[in-house]
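Note: the block below is coords.txt and it holds compact mmCIF, C-alpha atoms.
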# COMPACT_ATOMS: atom_id res chain seq x y z
CA MET A 1 -14.29 -93.28 12.29
CA LYS A 2 -15.16 -90.06 10.54
CA ILE A 3 -12.89 -89.36 7.56
CA GLN A 4 -11.36 -85.90 7.69
CA LYS A 5 -9.32 -83.87 5.22
CA ILE A 6 -5.55 -84.22 5.24
CA LYS A 7 -3.61 -81.74 7.37
CA GLY A 8 -2.49 -78.79 5.29
CA PHE A 9 -5.22 -79.24 2.69
CA ALA A 10 -8.24 -76.94 2.63
CA ASP A 11 -11.80 -77.10 1.34
CA LEU A 12 -12.86 -73.99 -0.57
CA PHE A 13 -16.60 -73.47 -0.25
CA PRO A 14 -18.39 -71.16 -2.73
CA GLU A 15 -17.74 -67.93 -0.80
CA GLU A 16 -13.97 -68.54 -0.69
CA ALA A 17 -13.79 -70.24 -4.09
CA ALA A 18 -15.37 -67.10 -5.59
CA LYS A 19 -12.22 -65.17 -4.64
CA PHE A 20 -10.01 -67.67 -6.49
CA THR A 21 -12.30 -67.54 -9.52
CA PHE A 22 -12.13 -63.75 -9.45
CA LEU A 23 -8.32 -63.78 -9.27
CA GLU A 24 -8.05 -66.22 -12.16
CA SER A 25 -10.52 -64.29 -14.33
CA ARG A 26 -8.69 -60.99 -13.76
CA ALA A 27 -5.35 -62.66 -14.50
CA ARG A 28 -6.72 -64.00 -17.78
CA ALA A 29 -8.06 -60.57 -18.72
CA VAL A 30 -4.90 -58.62 -17.81
CA PHE A 31 -2.37 -61.15 -19.10
CA GLY A 32 -4.29 -61.47 -22.36
CA ARG A 33 -3.73 -57.77 -22.99
CA TYR A 34 0.02 -58.46 -22.93
CA GLY A 35 -0.18 -61.35 -25.40
CA PHE A 36 -0.01 -64.25 -22.91
CA GLY A 37 -1.81 -67.55 -23.51
CA GLU A 38 -2.81 -70.15 -20.94
CA LEU A 39 -0.77 -73.35 -20.58
CA ARG A 40 -2.15 -76.19 -18.47
CA THR A 41 0.46 -78.67 -17.24
CA PRO A 42 0.03 -81.87 -15.17
CA ILE A 43 0.23 -81.66 -11.39
CA LEU A 44 2.33 -84.85 -11.37
CA GLU A 45 5.80 -84.99 -12.92
CA HIS A 46 8.91 -87.18 -12.73
CA THR A 47 10.89 -86.26 -9.61
CA GLU A 48 14.04 -85.78 -11.69
CA LEU A 49 12.50 -82.71 -13.33
CA PHE A 50 12.39 -80.79 -10.05
CA ALA A 51 15.72 -82.10 -8.78
CA LYS A 52 17.42 -80.83 -11.96
CA SER A 53 15.60 -77.51 -12.26
CA ILE A 54 15.11 -76.37 -8.67
CA GLY A 55 18.35 -77.83 -7.32
CA GLU A 56 18.94 -80.84 -5.09
CA ASP A 57 20.40 -78.64 -2.33
CA THR A 58 17.30 -76.44 -2.02
CA ASP A 59 14.83 -76.78 0.83
CA VAL A 60 12.07 -77.49 -1.69
CA VAL A 61 13.74 -80.60 -3.11
CA GLY A 62 15.45 -81.65 0.11
CA LYS A 63 12.56 -81.34 2.54
CA GLU A 64 9.29 -80.15 1.03
CA MET A 65 8.28 -82.27 -1.96
CA PHE A 66 5.52 -84.87 -1.99
CA THR A 67 7.39 -87.72 -3.70
CA PHE A 68 6.37 -91.36 -4.05
CA PRO A 69 7.05 -94.36 -6.32
CA ASP A 70 4.47 -95.50 -8.81
CA ARG A 71 3.65 -99.19 -9.36
CA LYS A 72 6.72 -99.59 -11.54
CA GLY A 73 8.99 -98.01 -8.95
CA ARG A 74 9.46 -94.70 -10.78
CA LEU A 75 9.65 -91.66 -8.50
CA LEU A 76 6.87 -89.13 -9.11
CA THR A 77 6.33 -85.76 -7.43
CA LEU A 78 3.33 -83.50 -7.01
CA ARG A 79 4.50 -80.23 -8.50
CA PRO A 80 5.93 -77.86 -5.85
CA GLU A 81 6.07 -74.97 -8.36
CA ALA A 82 4.97 -74.33 -11.93
CA THR A 83 8.02 -73.15 -13.88
CA ALA A 84 9.74 -76.53 -14.17
CA GLY A 85 6.61 -78.11 -15.68
CA VAL A 86 6.26 -75.22 -18.13
CA MET A 87 9.88 -75.73 -19.21
CA ARG A 88 9.33 -79.48 -19.66
CA ALA A 89 6.20 -78.81 -21.76
CA PHE A 90 8.04 -76.21 -23.83
CA ILE A 91 10.90 -78.62 -24.55
CA GLU A 92 8.63 -81.59 -25.22
CA GLY A 93 6.41 -79.50 -27.52
CA GLY A 94 9.44 -78.93 -29.71
CA ASP A 95 7.91 -76.20 -31.89
CA TRP A 96 10.13 -73.30 -30.83
CA GLN A 97 12.23 -71.55 -33.46
CA PRO A 98 15.15 -69.13 -32.93
CA GLY A 99 13.92 -65.57 -32.64
CA GLN A 100 10.48 -66.60 -31.38
CA VAL A 101 9.09 -65.34 -28.08
CA ARG A 102 6.50 -67.38 -26.22
CA LYS A 103 4.36 -66.02 -23.39
CA TYR A 104 2.51 -68.44 -21.12
CA TYR A 105 0.53 -68.17 -17.91
CA THR A 106 -0.64 -70.95 -15.63
CA ALA A 107 -2.96 -71.20 -12.64
CA GLY A 108 -3.56 -74.10 -10.32
CA PRO A 109 -2.58 -76.09 -7.23
CA MET A 110 0.99 -76.72 -6.03
CA PHE A 111 2.16 -78.98 -3.20
CA ARG A 112 4.84 -78.56 -0.56
CA TYR A 113 5.27 -80.30 2.76
CA GLU A 114 5.52 -77.27 5.05
CA ARG A 115 4.14 -76.39 8.45
CA PRO A 116 0.57 -75.21 7.76
CA GLN A 117 -0.21 -71.66 8.88
CA LYS A 118 -2.55 -68.84 7.95
CA GLY A 119 -2.24 -68.18 4.25
CA ARG A 120 0.04 -71.18 3.70
CA GLN A 121 -1.18 -74.72 3.13
CA ARG A 122 0.48 -77.89 1.87
CA GLN A 123 -1.78 -77.67 -1.14
CA PHE A 124 -1.67 -74.08 -2.27
CA HIS A 125 -2.47 -72.25 -5.49
CA GLN A 126 -0.40 -70.05 -7.74
CA ILE A 127 -0.77 -67.85 -10.78
CA ASN A 128 2.40 -67.88 -12.87
CA ALA A 129 3.57 -66.11 -16.02
CA GLU A 130 6.62 -66.88 -18.16
CA ILE A 131 8.28 -65.17 -21.16
CA LEU A 132 10.51 -67.59 -23.09
CA GLY A 133 12.89 -66.65 -25.88
CA ALA A 134 13.64 -63.03 -24.92
CA ASN A 135 16.94 -62.18 -23.26
CA GLU A 136 16.35 -58.44 -23.46
CA PRO A 137 15.82 -56.48 -20.23
CA GLN A 138 12.64 -55.07 -21.78
CA ALA A 139 11.01 -58.46 -21.15
CA ASP A 140 11.91 -58.24 -17.45
CA ALA A 141 10.45 -54.74 -17.18
CA GLU A 142 7.28 -55.62 -19.06
CA LEU A 143 6.69 -58.63 -16.83
CA ILE A 144 7.03 -56.50 -13.68
CA LEU A 145 4.68 -53.90 -15.16
CA MET A 146 2.13 -56.58 -16.05
CA LEU A 147 2.32 -58.06 -12.55
CA ARG A 148 1.81 -54.67 -10.96
CA THR A 149 -1.10 -53.94 -13.32
CA PHE A 150 -2.74 -57.22 -12.30
CA LEU A 151 -2.33 -56.55 -8.59
CA THR A 152 -3.76 -53.06 -8.99
CA ASP A 153 -6.62 -54.43 -11.09
CA ILE A 154 -7.75 -56.78 -8.31
CA GLY A 155 -7.88 -53.84 -5.91
CA LEU A 156 -4.55 -53.93 -4.09
CA SER A 157 -2.81 -50.67 -3.27
CA ARG A 158 0.23 -49.64 -1.25
CA LEU A 159 2.33 -51.90 -3.47
CA SER A 160 6.12 -51.90 -3.14
CA VAL A 161 8.53 -53.31 -5.71
CA GLU A 162 11.91 -54.66 -4.60
CA LEU A 163 14.67 -55.32 -7.13
CA ASN A 164 18.03 -57.02 -7.21
CA THR A 165 20.35 -58.61 -9.73
CA LEU A 166 21.78 -62.07 -9.11
CA GLY A 167 24.46 -61.96 -11.77
CA CYS A 168 24.97 -64.65 -14.39
CA ARG A 169 26.97 -67.84 -14.87
CA GLU A 170 30.07 -65.78 -15.58
CA CYS A 171 30.01 -63.37 -12.62
CA ARG A 172 28.02 -65.34 -10.00
CA PRO A 173 31.04 -67.55 -9.06
CA MET A 174 33.04 -64.44 -8.11
CA PHE A 175 30.30 -63.31 -5.76
CA ARG A 176 29.91 -66.79 -4.32
CA GLN A 177 33.64 -66.80 -3.59
CA ALA A 178 33.40 -63.43 -1.83
CA LEU A 179 30.38 -64.61 0.15
CA THR A 180 32.11 -67.82 1.18
CA ALA A 181 35.13 -65.83 2.38
CA PHE A 182 32.82 -63.62 4.45
CA PHE A 183 31.08 -66.60 6.05
CA ALA A 184 34.46 -68.11 6.90
CA GLY A 185 35.00 -65.28 9.36
CA LEU A 186 31.68 -65.79 11.16
CA ASP A 187 30.88 -67.88 14.17
CA ARG A 188 28.67 -70.34 12.32
CA GLU A 189 27.28 -71.73 15.55
CA LYS A 190 25.30 -68.49 15.85
CA LEU A 191 23.53 -69.19 12.56
CA CYS A 192 20.30 -71.16 12.47
CA GLU A 193 20.46 -74.83 11.55
CA ASP A 194 19.29 -74.22 7.98
CA CYS A 195 21.86 -71.48 7.39
CA ARG A 196 24.71 -73.62 8.73
CA ARG A 197 23.81 -76.10 5.99
CA ARG A 198 23.27 -73.40 3.35
CA VAL A 199 26.74 -71.93 3.92
CA GLU A 200 28.11 -75.11 2.39
CA THR A 201 25.45 -75.95 -0.19
CA ASN A 202 23.77 -72.70 -1.28
CA PRO A 203 25.36 -69.61 0.36
CA LEU A 204 23.11 -67.12 -1.45
CA ARG A 205 20.14 -68.48 0.48
CA VAL A 206 21.70 -67.35 3.77
CA LEU A 207 21.02 -63.76 2.68
CA ASP A 208 17.31 -64.59 2.41
CA CYS A 209 16.99 -66.04 5.92
CA LYS A 210 14.25 -64.37 8.01
CA VAL A 211 15.69 -65.40 11.40
CA PRO A 212 16.66 -62.12 13.18
CA GLY A 213 19.93 -63.54 14.51
CA CYS A 214 21.05 -64.62 11.03
CA ARG A 215 20.10 -61.28 9.52
CA GLU A 216 22.08 -59.41 12.17
CA LEU A 217 25.10 -61.66 11.78
CA THR A 218 25.16 -61.23 7.99
CA LYS A 219 24.23 -57.53 7.78
CA ASP A 220 27.72 -56.66 6.47
CA ALA A 221 27.80 -59.43 3.87
CA PRO A 222 29.09 -58.37 0.43
CA HIS A 223 26.54 -57.13 -2.10
CA ILE A 224 26.22 -58.94 -5.38
CA THR A 225 25.82 -55.61 -7.19
CA ASP A 226 29.52 -54.98 -6.44
CA HIS A 227 30.52 -58.16 -8.25
CA VAL A 228 28.35 -58.34 -11.39
CA CYS A 229 29.88 -58.16 -14.84
CA GLY A 230 29.35 -55.30 -17.25
CA HIS A 231 26.63 -57.10 -19.22
CA CYS A 232 24.60 -57.83 -16.09
CA ARG A 233 25.02 -54.27 -14.86
CA GLU A 234 23.81 -52.87 -18.20
CA HIS A 235 20.86 -55.28 -18.18
CA PHE A 236 19.86 -54.23 -14.67
CA ASP A 237 20.28 -50.52 -15.43
CA THR A 238 17.89 -50.84 -18.38
CA VAL A 239 15.25 -52.58 -16.24
CA LYS A 240 15.48 -49.78 -13.67
CA ALA A 241 15.33 -47.09 -16.36
CA LEU A 242 12.17 -48.59 -17.85
CA LEU A 243 10.46 -48.76 -14.46
CA ASP A 244 11.48 -45.14 -13.88
CA ALA A 245 9.96 -44.18 -17.24
CA ALA A 246 6.73 -46.00 -16.31
CA ARG A 247 6.72 -44.12 -12.97
CA VAL A 248 6.89 -47.32 -10.94
CA ALA A 249 8.73 -46.77 -7.66
CA TYR A 250 11.05 -49.53 -6.52
CA THR A 251 13.59 -50.26 -3.81
CA LEU A 252 16.96 -51.89 -4.41
CA ASN A 253 17.35 -54.83 -2.05
CA PRO A 254 20.79 -56.50 -2.25
CA ARG A 255 19.57 -59.31 0.04
CA LEU A 256 16.74 -60.29 -2.29
CA VAL A 257 17.45 -63.74 -3.67
CA ARG A 258 15.08 -66.33 -4.99
CA GLY A 259 14.70 -69.69 -3.26
CA LEU A 260 15.31 -71.75 -6.38
CA ASP A 261 18.69 -72.34 -8.03
CA TYR A 262 17.71 -71.49 -11.58
CA TYR A 263 17.36 -67.71 -11.09
CA GLN A 264 19.96 -65.24 -12.38
CA ARG A 265 20.17 -61.57 -13.28
CA THR A 266 16.91 -59.74 -12.47
CA ALA A 267 15.10 -60.80 -9.28
CA PHE A 268 12.04 -58.98 -7.99
CA GLU A 269 9.36 -59.15 -5.34
CA ILE A 270 6.18 -57.16 -4.80
CA THR A 271 4.77 -56.60 -1.34
CA SER A 272 1.50 -55.07 -0.19
CA GLY A 273 0.76 -53.03 2.92
CA GLU A 274 -2.97 -53.77 2.80
CA ILE A 275 -3.05 -55.43 6.23
CA GLY A 276 -0.65 -53.14 8.06
CA SER A 277 2.73 -54.84 7.70
CA GLN A 278 4.34 -55.47 4.34
CA THR A 279 3.32 -58.85 2.95
CA ALA A 280 5.02 -60.45 -0.05
CA VAL A 281 2.37 -61.30 -2.65
CA ALA A 282 4.44 -62.16 -5.73
CA GLY A 283 8.00 -62.66 -6.86
CA GLY A 284 10.07 -63.84 -9.75
CA GLY A 285 13.05 -63.21 -11.94
CA ARG A 286 15.13 -64.32 -14.88
CA TYR A 287 16.25 -67.91 -15.39
CA ASP A 288 18.41 -68.00 -18.52
CA GLY A 289 19.97 -71.43 -18.86
CA LEU A 290 17.19 -73.39 -17.16
CA ILE A 291 15.75 -74.79 -20.38
CA GLY A 292 19.21 -75.83 -21.59
CA SER A 293 19.95 -77.56 -18.29
CA LEU A 294 16.84 -79.70 -18.79
CA GLY A 295 17.96 -80.91 -22.22
CA GLY A 296 16.24 -78.26 -24.30
CA PRO A 297 17.58 -75.46 -26.50
CA ASP A 298 19.49 -72.59 -24.90
CA VAL A 299 16.43 -70.37 -24.59
CA PRO A 300 16.31 -67.51 -22.05
CA GLY A 301 13.32 -66.98 -19.77
CA VAL A 302 11.84 -64.74 -17.12
CA GLY A 303 8.75 -65.27 -14.98
CA PHE A 304 6.88 -64.74 -11.72
CA ALA A 305 4.50 -66.49 -9.34
CA CYS A 306 1.65 -65.15 -7.17
CA GLY A 307 0.33 -67.04 -4.17
CA MET A 308 -3.44 -67.04 -4.50
CA GLU A 309 -4.15 -67.81 -0.83
CA ARG A 310 -2.30 -64.69 0.22
CA LEU A 311 -3.97 -62.58 -2.46
CA ALA A 312 -7.38 -63.88 -1.37
CA MET A 313 -6.64 -62.79 2.20
CA LEU A 314 -5.89 -59.26 0.97
CA LEU A 315 -9.03 -58.87 -1.12
CA GLU A 316 -11.33 -56.39 0.58
CA HIS A 317 -14.09 -56.55 -1.99
CA CYS A 318 -14.63 -59.50 -4.26
CA PRO A 319 -17.37 -58.77 -6.81
CA GLU A 320 -20.28 -61.03 -6.05
CA SER A 321 -22.30 -62.69 -8.76
CA ARG A 322 -25.91 -61.76 -8.01
CA PRO A 323 -28.62 -63.99 -9.47
CA ASP A 324 -31.18 -62.29 -11.66
CA PHE A 325 -34.24 -63.99 -10.21
CA HIS A 326 -35.63 -66.26 -7.53
CA LEU A 327 -38.75 -68.11 -8.63
CA ALA A 328 -41.04 -68.55 -5.62
CA VAL A 329 -43.67 -71.30 -5.79
CA LEU A 330 -46.68 -71.03 -3.49
CA ASP A 331 -48.91 -73.73 -4.97
CA GLU A 332 -48.21 -77.45 -5.31
CA ARG A 333 -49.60 -77.52 -8.87
CA ALA A 334 -47.05 -74.91 -9.98
CA VAL A 335 -43.91 -76.77 -8.88
CA ASN A 336 -43.17 -78.59 -12.15
CA PRO A 337 -44.30 -75.80 -14.52
CA CYS A 338 -42.13 -73.33 -12.60
CA LEU A 339 -39.10 -75.58 -12.98
CA ILE A 340 -39.65 -75.51 -16.76
CA LEU A 341 -40.20 -71.72 -16.64
CA ALA A 342 -36.92 -71.24 -14.78
CA GLN A 343 -35.17 -73.38 -17.39
CA GLY A 344 -36.58 -71.13 -20.11
CA LEU A 345 -35.26 -68.03 -18.35
CA ARG A 346 -31.81 -69.60 -17.99
CA GLU A 347 -31.74 -70.60 -21.65
CA ARG A 348 -32.36 -66.93 -22.42
CA GLY A 349 -29.34 -65.84 -20.42
CA LEU A 350 -30.66 -65.16 -16.92
CA SER A 351 -29.42 -66.76 -13.72
CA GLY A 352 -31.52 -67.78 -10.78
CA GLU A 353 -33.09 -70.51 -8.67
CA VAL A 354 -36.51 -72.03 -8.34
CA ALA A 355 -38.16 -73.56 -5.30
CA TYR A 356 -38.49 -77.34 -5.48
CA ALA A 357 -41.52 -77.36 -3.18
CA PRO A 358 -44.26 -74.83 -2.35
CA GLY A 359 -43.85 -72.54 0.64
CA SER A 360 -45.26 -69.40 2.17
CA LEU A 361 -44.76 -66.07 0.44
CA LYS A 362 -42.86 -64.75 3.47
CA SER A 363 -40.38 -67.64 3.53
CA GLN A 364 -39.90 -67.57 -0.23
CA LEU A 365 -39.21 -63.83 -0.28
CA ARG A 366 -36.78 -64.31 2.59
CA ARG A 367 -34.89 -66.83 0.47
CA ALA A 368 -34.97 -64.49 -2.51
CA ASN A 369 -33.58 -61.67 -0.42
CA LYS A 370 -30.85 -63.87 1.06
CA SER A 371 -29.77 -64.99 -2.41
CA GLY A 372 -29.33 -61.37 -3.49
CA ALA A 373 -31.65 -61.86 -6.48
CA ARG A 374 -32.61 -58.75 -8.41
CA MET A 375 -36.17 -59.99 -8.88
CA ALA A 376 -38.57 -62.34 -7.15
CA LEU A 377 -40.93 -64.13 -9.52
CA VAL A 378 -43.96 -65.42 -7.62
CA VAL A 379 -46.44 -68.06 -8.76
CA GLY A 380 -49.30 -68.78 -6.34
CA GLY A 381 -52.60 -70.53 -6.90
CA GLU A 382 -54.24 -67.49 -8.54
CA GLU A 383 -51.26 -66.88 -10.81
CA PHE A 384 -51.15 -70.55 -11.79
CA ASP A 385 -54.83 -70.59 -12.74
CA LYS A 386 -54.43 -67.52 -14.95
CA GLY A 387 -51.03 -68.39 -16.43
CA LEU A 388 -49.40 -65.34 -14.81
CA VAL A 389 -46.21 -64.55 -12.91
CA LEU A 390 -45.93 -61.81 -10.28
CA ILE A 391 -42.71 -59.83 -10.72
CA LYS A 392 -41.39 -58.11 -7.59
CA ASP A 393 -38.34 -55.81 -7.61
CA MET A 394 -36.09 -56.85 -4.71
CA GLY A 395 -34.21 -53.57 -4.84
CA GLY A 396 -36.55 -51.95 -2.37
CA ALA A 397 -39.05 -50.47 -4.81
CA ALA A 398 -42.68 -51.20 -4.02
CA GLU A 399 -43.72 -51.61 -7.66
CA GLN A 400 -44.81 -55.03 -8.84
CA ARG A 401 -46.95 -56.36 -11.65
CA HIS A 402 -48.27 -59.48 -13.29
CA VAL A 403 -47.29 -60.69 -16.75
CA SER A 404 -48.09 -63.88 -18.59
CA ARG A 405 -45.48 -66.61 -18.62
CA GLU A 406 -45.28 -66.43 -22.42
CA ARG A 407 -44.72 -62.67 -22.47
CA LEU A 408 -42.14 -62.92 -19.68
CA LEU A 409 -40.05 -65.33 -21.75
CA ALA A 410 -40.50 -63.20 -24.87
CA MET A 411 -39.38 -60.00 -23.10
CA VAL A 412 -36.32 -61.71 -21.67
CA ALA A 413 -35.42 -63.11 -25.08
CA VAL A 414 -35.46 -59.59 -26.55
CA SER A 415 -34.03 -57.45 -23.73
CA GLY A 416 -32.63 -59.78 -21.08
CA LEU A 417 -32.65 -58.58 -17.49
CA GLU A 418 -33.72 -55.09 -18.53
CA ALA A 419 -37.00 -56.55 -19.66
CA LEU A 420 -37.62 -57.84 -16.15
CA LEU A 421 -36.71 -54.48 -14.65
CA SER A 422 -39.10 -52.64 -16.92
CA ALA A 423 -41.75 -55.27 -16.23
CA ALA A 424 -41.61 -54.33 -12.57
CA LEU A 425 -43.01 -50.88 -13.36
CA PRO A 426 -46.76 -50.69 -12.51
CA GLU A 427 -48.04 -49.98 -16.00
CA ARG A 428 -50.90 -52.42 -16.17
CA THR A 429 -51.96 -55.86 -15.05
CA GLU A 430 -52.38 -58.56 -17.68
CA GLU A 431 -55.31 -60.87 -17.28

When written as structure tokens, how does the structure in this file appear?
Amino acid sequence: MKIQKIKGFADLFPEEAAKFTFLESRARAVFGRYGFGELRTPILEHTELFAKSIGEDTDVVGKEMFTFPDRKGRLLTLRPEATAGVMRAFIEGGDWQPGQVRKYYTAGPMFRYERPQKGRQRQFHQINAEILGANEPQADAELILMLRTFLTDIGLSRLSVELNTLGCRECRPMFRQALTAFFAGLDREKLCEDCRRRVETNPLRVLDCKVPGCRELTKDAPHITDHVCGHCREHFDTVKALLDAARVAYTLNPRLVRGLDYYQRTAFEITSGEIGSQTAVAGGGRYDGLIGSLGGPDVPGVGFACGMERLAMLLEHCPESRPDFHLAVLDERAVNPCLILAQGLRERGLSGEVAYAPGSLKSQLRRANKSGARMALVVGGEEFDKGLVLIKDMGGAAEQRHVSRERLLAMVAVSGLEALLSAALPERTEE
């Protein structure tokens, strides 16, 4: 029987993989300007890490994790999100000092057992960023500004920022009490199955339900902004003031909550209208107390995550990497020497392919054109006998000329691709 890929897992061939490479390279460039460094964490962690950090009553831990015992019976889980692993690495590294601020970003695959659909797979990819050690609202604002800069840098427009505050450990219980009292007056049978469970285990998540009936039933639910303490209100006001100063428009959304238990105070989400309807492309918030709950120091943190599959869907133009040359071989005797010539060009910084077997000029130029190569380098029987290479500009210009193999390598060593471009001008033919 033919072996097929697992449901919910996707193969990324070069054309699609190029989009992910582009997203990661732009993230590295933009995040580096803000002082972030890359942290690579394992994709496999002890299950307890996610149960403690995300929350045992969340959908992620309760229904969506890929968990299995190892040969010694220990429960292991493929990471469903990145932040918990970053926290574990930060704690285990043990080199943090009071007053220090650490900025990390990560990129890679995550795993959740969900119903596969367009833009959502069971193995998916995220770009994350975390600021650890800063409890100031300036860190929240800077992170939102960096995220928006990244999304703009990759070509997205029509971006909308939504903000909310989730309170803190001191004021959140008061809001939870008010929310529970509100739900007590509802006909819970009209809620979806998940929300009937969330009312008891995680009432804030009911506000985030996308089922129309649940949203209608809870439209008059109390707002957390009416229950936050003075410190949380001041924190949130500063974040808003900084975004105002940076001329970043935002919308206050009192129903915006994060799906994981560790969030508090600032919560945010960015959506894009690139494909007509608003599509969430990134979200995050503050998670003070998370590191302490995992056995580490009481270090504050704030971060975000971007789903790369969704971003890839929104990319209209992904810069393509065009090869510099295609080396066409027309004579059997030239096959091996041309392979060595191509290696010499690559060692001098050019990119390109060489034919492994001789073919007709028409077929070879067709391959060169399909590859998008800037230049076709042609070696036929006459060129081989004289030690020459025919250089043809694939940009549509009719000019072409012969140069010796030795001079071709020398020109490339001095001037790179520009040497090939100038060589295409019909100045003279070398014999």

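Counting from atom CA of A:Gly283, the distance to atom CA of A:Ala141 is 13.2 Å.
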
Rounded to one decimal, what separation in Å do you get between atom CA of A:Asp220 and atom CA of A:Phe183? 10.5 Å

Using only C-alpha atoms and a cutoff of 9 Å, can you tell me which residues are near (17.0, -77.2, -14.0) in the file's coordinates, and write them out as a ChimeraX atom specification? /A:49-55,84,87,261-262,289-294

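Using only C-alpha atoms, the shortest contact distance between A:Phe268 and any of A:Phe304, A:Tyr113, A:Phe325, A:Tyr287 is found at A:Phe304.
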
I want to know what sits within 12 Å of A:Cys306, based on all atoms listed in the file, with residues of the same chain fewer than 4 positions away left out; could you give that as an MDAnalysis selection string? chainID A and resid 20 23:24 27 81:82 105:110 124:129 147:148 150:151 269:271 280:284 310:312

Counting all atoms listed in the file, figure out which residue out of A:Thr266, A:Ser351, A:Asn369, A:Gln121 gets nearest to A:Ile144. A:Thr266

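Among the candidates A:Lys2, A:Lys19, A:Lys103, A:His46, the residue lying nearest to A:Glu309 is A:Lys19 (atoms considered: all atoms listed in the file).
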
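If you look at atom CA of A:Val412 and atom CA of A:Ser371, they are 20.6 Å away from each other.
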
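Proximity of A:Arg255, A:Lys190, A:Asp237, A:Met65 to A:Val206, computed with all atoms listed in the file, is greatest for A:Arg255.
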
Just checking: using only C-alpha atoms, which residue out of A:Glu38, A:Ala29, A:Asp194, A:Leu330 ends up closest to A:Lys63? A:Asp194

Considering all atoms listed in the file, give me a table of residues in stretch 328-351 of chain A that are at most 12 Å from stretch 388-407 of chain A, with the closest atom pair and distance in Å for each, as a Markdown table.
| residue | atom | partner | partner_atom | distance |
| --- | --- | --- | --- | --- |
| A:Ala328 | CA | A:Leu390 | CA | 9.5 |
| A:Val329 | CA | A:Val389 | CA | 10.1 |
| A:Leu330 | CA | A:Val389 | CA | 11.4 |
| A:Ala334 | CA | A:Val389 | CA | 10.8 |
| A:Pro337 | CA | A:Arg405 | CA | 10.1 |
| A:Cys338 | CA | A:Arg405 | CA | 9.6 |
| A:Ile340 | CA | A:Arg405 | CA | 10.8 |
| A:Leu341 | CA | A:Arg405 | CA | 7.6 |
| A:Ala342 | CA | A:Arg405 | CA | 10.5 |
| A:Gly344 | CA | A:Arg405 | CA | 10.1 |
| A:Leu345 | CA | A:Arg405 | CA | 10.3 |

Need to verify the contact set: A:Leu315, 9 Å, all atoms listed in the file, exclusion of same-chain residues closer than 6 positions in sequence. Can you return it as an MDAnalysis selection string? chainID A and resid 19 154:156 274

Answer as number ranges by chain, residues within 10 Å of (11.9, -60.7, -14.5) using all atoms listed in the file: A: 130-131, 137-145, 163, 165, 239, 263-269, 283-287, 301-304

Which residue out of A:Gly32, A:Gly167, A:Pro222, A:Pro297 has the minimum interatomic distance to A:Met146 when only C-alpha atoms are used? A:Gly32

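Every protein, DNA or RNA residue with an atom at most 12 Å from A:Ser321, where only C-alpha atoms count and chain neighbours fewer than 6 positions away do not, is listed here: Pro14, Glu15, Ala18, Lys19, Thr21, Phe22, Leu350, Ser351, Gly352, Ser371, Gly372, Ala373 and Arg374 of chain A.
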
Find the residues near A:Pro358: any atom within 12 Å, counting only C-alpha atoms, skip ones fewer than 6 places away on the same chain, and give them as a ChimeraX atom specification. /A:327-336,338-339,364,378-381
